[in-house]
>>> print(open('query_30.pdb').read())   # PDB, C-alpha atoms
ATOM      1  CA  MET A  20     -31.753 -44.003 -10.013
ATOM      2  CA  ALA A  21     -28.556 -42.078  -9.234
ATOM      3  CA  GLU A  22     -27.269 -42.762 -12.740
ATOM      4  CA  ASN A  23     -30.448 -41.328 -14.241
ATOM      5  CA  GLY A  24     -29.991 -38.182 -12.147
ATOM      6  CA  ASP A  25     -26.368 -37.902 -13.253
ATOM      7  CA  LYS A  26     -27.353 -38.138 -16.924
ATOM      8  CA  ARG A  27     -30.040 -35.524 -16.443
ATOM      9  CA  LEU A  28     -27.574 -33.257 -14.639
ATOM     10  CA  ASP A  29     -25.029 -33.720 -17.436
ATOM     11  CA  ARG A  30     -27.698 -32.755 -20.023
ATOM     12  CA  LEU A  31     -28.567 -29.647 -18.012
ATOM     13  CA  PHE A  32     -24.901 -28.627 -17.785
ATOM     14  CA  ALA A  33     -24.443 -29.199 -21.525
ATOM     15  CA  ALA A  34     -27.505 -27.055 -22.261
ATOM     16  CA  ALA A  35     -26.195 -24.312 -19.984
ATOM     17  CA  ARG A  36     -22.825 -24.364 -21.730
ATOM     18  CA  GLY A  37     -24.471 -24.210 -25.128
ATOM     19  CA  ALA A  38     -26.610 -21.139 -24.433
ATOM     20  CA  PRO A  39     -24.510 -18.149 -23.386
ATOM     21  CA  PRO A  40     -26.299 -15.674 -21.118
ATOM     22  CA  ASP A  41     -27.654 -12.451 -22.609
ATOM     23  CA  THR A  42     -25.667  -9.637 -20.997
ATOM     24  CA  THR A  43     -26.607  -6.796 -23.338
ATOM     25  CA  ARG A  44     -29.061  -5.316 -20.849
ATOM     26  CA  ALA A  45     -26.441  -5.257 -18.099
ATOM     27  CA  GLU A  46     -23.840  -3.754 -20.460
ATOM     28  CA  GLU A  47     -25.949  -0.730 -21.350
ATOM     29  CA  GLY A  48     -24.853   2.280 -19.316
ATOM     30  CA  PHE A  49     -22.368   0.258 -17.284
ATOM     31  CA  GLU A  50     -19.655   2.935 -17.325
ATOM     32  CA  GLY A  51     -22.143   5.623 -16.395
ATOM     33  CA  ARG A  52     -23.437   3.619 -13.447
ATOM     34  CA  VAL A  53     -19.898   2.923 -12.205
ATOM     35  CA  ALA A  54     -18.899   6.592 -12.582
ATOM     36  CA  ALA A  55     -22.009   7.728 -10.698
ATOM     37  CA  ARG A  56     -21.278   5.302  -7.883
ATOM     38  CA  ILE A  57     -17.668   6.509  -7.639
ATOM     39  CA  ARG A  58     -18.784  10.146  -7.633
ATOM     40  CA  GLY A  59     -21.205   9.337  -4.826
ATOM     41  CA  ARG A  60     -18.437   7.850  -2.674
ATOM     42  CA  ARG A  61     -15.872  10.579  -3.284
ATOM     43  CA  PRO A  62     -14.757  12.684  -0.300
ATOM     44  CA  GLY A  63     -16.744  15.865  -0.113
ATOM     45  CA  SER A  64     -19.907  14.218  -1.358
ATOM     46  CA  GLY A  65     -21.613  14.557   2.002
ATOM     47  CA  GLU A  66     -20.194  11.462   3.667
ATOM     48  CA  TRP A  67     -17.499  13.312   5.587
ATOM     49  CA  PRO A  68     -17.654  17.108   5.847
ATOM     50  CA  LEU A  69     -13.879  17.567   6.101
ATOM     51  CA  GLY A  70     -13.147  15.190   3.218
ATOM     52  CA  ALA A  71     -12.998  17.881   0.562
ATOM     53  CA  TRP A  72     -10.656  20.025   2.643
ATOM     54  CA  ALA A  73      -8.440  17.068   3.461
ATOM     55  CA  TRP A  74      -7.992  16.253  -0.234
ATOM     56  CA  ARG A  75      -7.366  19.895  -1.104
ATOM     57  CA  LEU A  76      -4.754  20.274   1.621
ATOM     58  CA  ALA A  77      -3.005  16.936   0.946
ATOM     59  CA  PRO A  78      -0.339  18.507  -1.348
ATOM     60  CA  LEU A  79       0.424  21.107   1.314
ATOM     61  CA  PHE A  80       0.819  18.433   3.989
ATOM     62  CA  GLY A  81       3.068  16.437   1.655
ATOM     63  CA  ALA A  82       5.249  19.486   1.057
ATOM     64  CA  VAL A  83       5.502  20.070   4.807
ATOM     65  CA  VAL A  84       6.579  16.467   5.395
ATOM     66  CA  ILE A  85       9.222  16.669   2.659
ATOM     67  CA  THR A  86      10.501  20.019   3.972
ATOM     68  CA  VAL A  87      10.799  18.711   7.525
ATOM     69  CA  GLY A  88      12.598  15.604   6.260
ATOM     70  CA  VAL A  89      15.128  17.608   4.234
ATOM     71  CA  TRP A  90      15.643  20.062   7.089
ATOM     72  CA  THR A  91      16.215  17.224   9.550
ATOM     73  CA  ALA A  92      18.679  15.476   7.237
ATOM     74  CA  ALA A  93      20.566  18.719   6.644
ATOM     75  CA  THR A  94      20.958  19.521  10.339
ATOM     76  CA  ILE A  95      22.168  16.107  11.511
ATOM     77  CA  PRO A  96      25.883  16.435  12.327
ATOM     78  CA  GLU A  97      28.316  14.244  10.439
ATOM     79  CA  THR A  98      29.720  12.633  13.584
ATOM     80  CA  VAL A  99      27.487  11.741  16.446
ATOM     81  CA  THR A 100      29.171  11.619  19.815
ATOM     82  CA  GLY A 101      27.871   9.762  22.762
ATOM     83  CA  ALA A 102      28.371   6.714  24.917
ATOM     84  CA  GLY A 103      27.908   4.328  21.987
ATOM     85  CA  THR A 104      30.528   6.092  19.908
ATOM     86  CA  GLU A 105      33.020   6.110  22.774
ATOM     87  CA  ILE A 106      32.501   2.398  23.435
ATOM     88  CA  ALA A 107      32.977   1.592  19.747
ATOM     89  CA  ALA A 108      36.182   3.674  19.613
ATOM     90  CA  ALA A 109      37.563   1.943  22.714
ATOM     91  CA  TRP A 110      36.725  -1.454  21.230
ATOM     92  CA  GLU A 111      38.538  -0.598  17.993
ATOM     93  CA  ALA A 112      41.559   0.635  19.946
ATOM     94  CA  ALA A 113      41.662  -2.605  21.938
ATOM     95  CA  ASP A 114      41.425  -4.665  18.758
ATOM     96  CA  MET A 115      44.221  -2.634  17.174
ATOM     97  CA  ALA A 116      46.414  -3.084  20.285
ATOM     98  CA  ASP A 117      45.803  -6.838  20.195
ATOM     99  CA  LEU A 118      46.621  -6.940  16.494
ATOM    100  CA  LEU A 119      49.828  -4.897  16.741
ATOM    101  CA  GLY A 120      50.975  -6.210  20.091
ATOM    102  CA  GLY A 121      50.237  -9.808  19.334
ATOM    103  CA  GLY A 122      48.448 -10.120  22.641
ATOM    104  CA  GLY A 123      45.497 -12.274  23.052
TER     105      GLY A 123
END
>>> encode(input="query_30.pdb", output="structure tokens")
Amino acid sequence: MAENGDKRLDRLFAAARGAPPDTTRAEEGFEGRVAARIRGRRPGSGEWPLGAWAWRLAPLFGAVVITVGVWTAATIPETVTGAGTEIAAAWEAADMADLLGGGG
């Protein structure tokens, strides 16, 4: 009985492979439907009232971020002094003294 079912299933699969589905109806107007759906989900389409303004102001916000980054990089001093710098300098001096003095 199971073998009969397997043969029948194999015939059904073979028939399905032999007859490709008709997709012409789904293809008609596909790009238009996709474009309409994208337009409906775009910011400013009523979903989020500030969406249109956010997209319009995005270049301005980007310019502000870049300006602040350049300004910050330009005002950072070349040498930073602090406890970490002093500790590192003392460590280097001790290493140099050990190297030159042969101490250990």
>>> atom_distance(input="query_30.pdb", atom1="atom CA of A:Trp90", atom2="atom CA of A:Ala107")
28.3 Å
>>> atom_distance(input="query_30.pdb", atom1="atom CA of A:Trp74", atom2="atom CA of A:Val87")
20.5 Å
>>> atom_distance(input="query_30.pdb", atom1="atom CA of A:Leu76", atom2="atom CA of A:Val89")
20.2 Å
>>> axis_aligned_box(input="query_30.pdb", around="stretch 45-59 of chain A", padding_each_side="6 Å", output="AutoDock Vina command-line options")
--center_x -22.1 --center_y 2.4 --center_z -13.1 --size_x 20.8 --size_y 27.4 --size_z 28.5
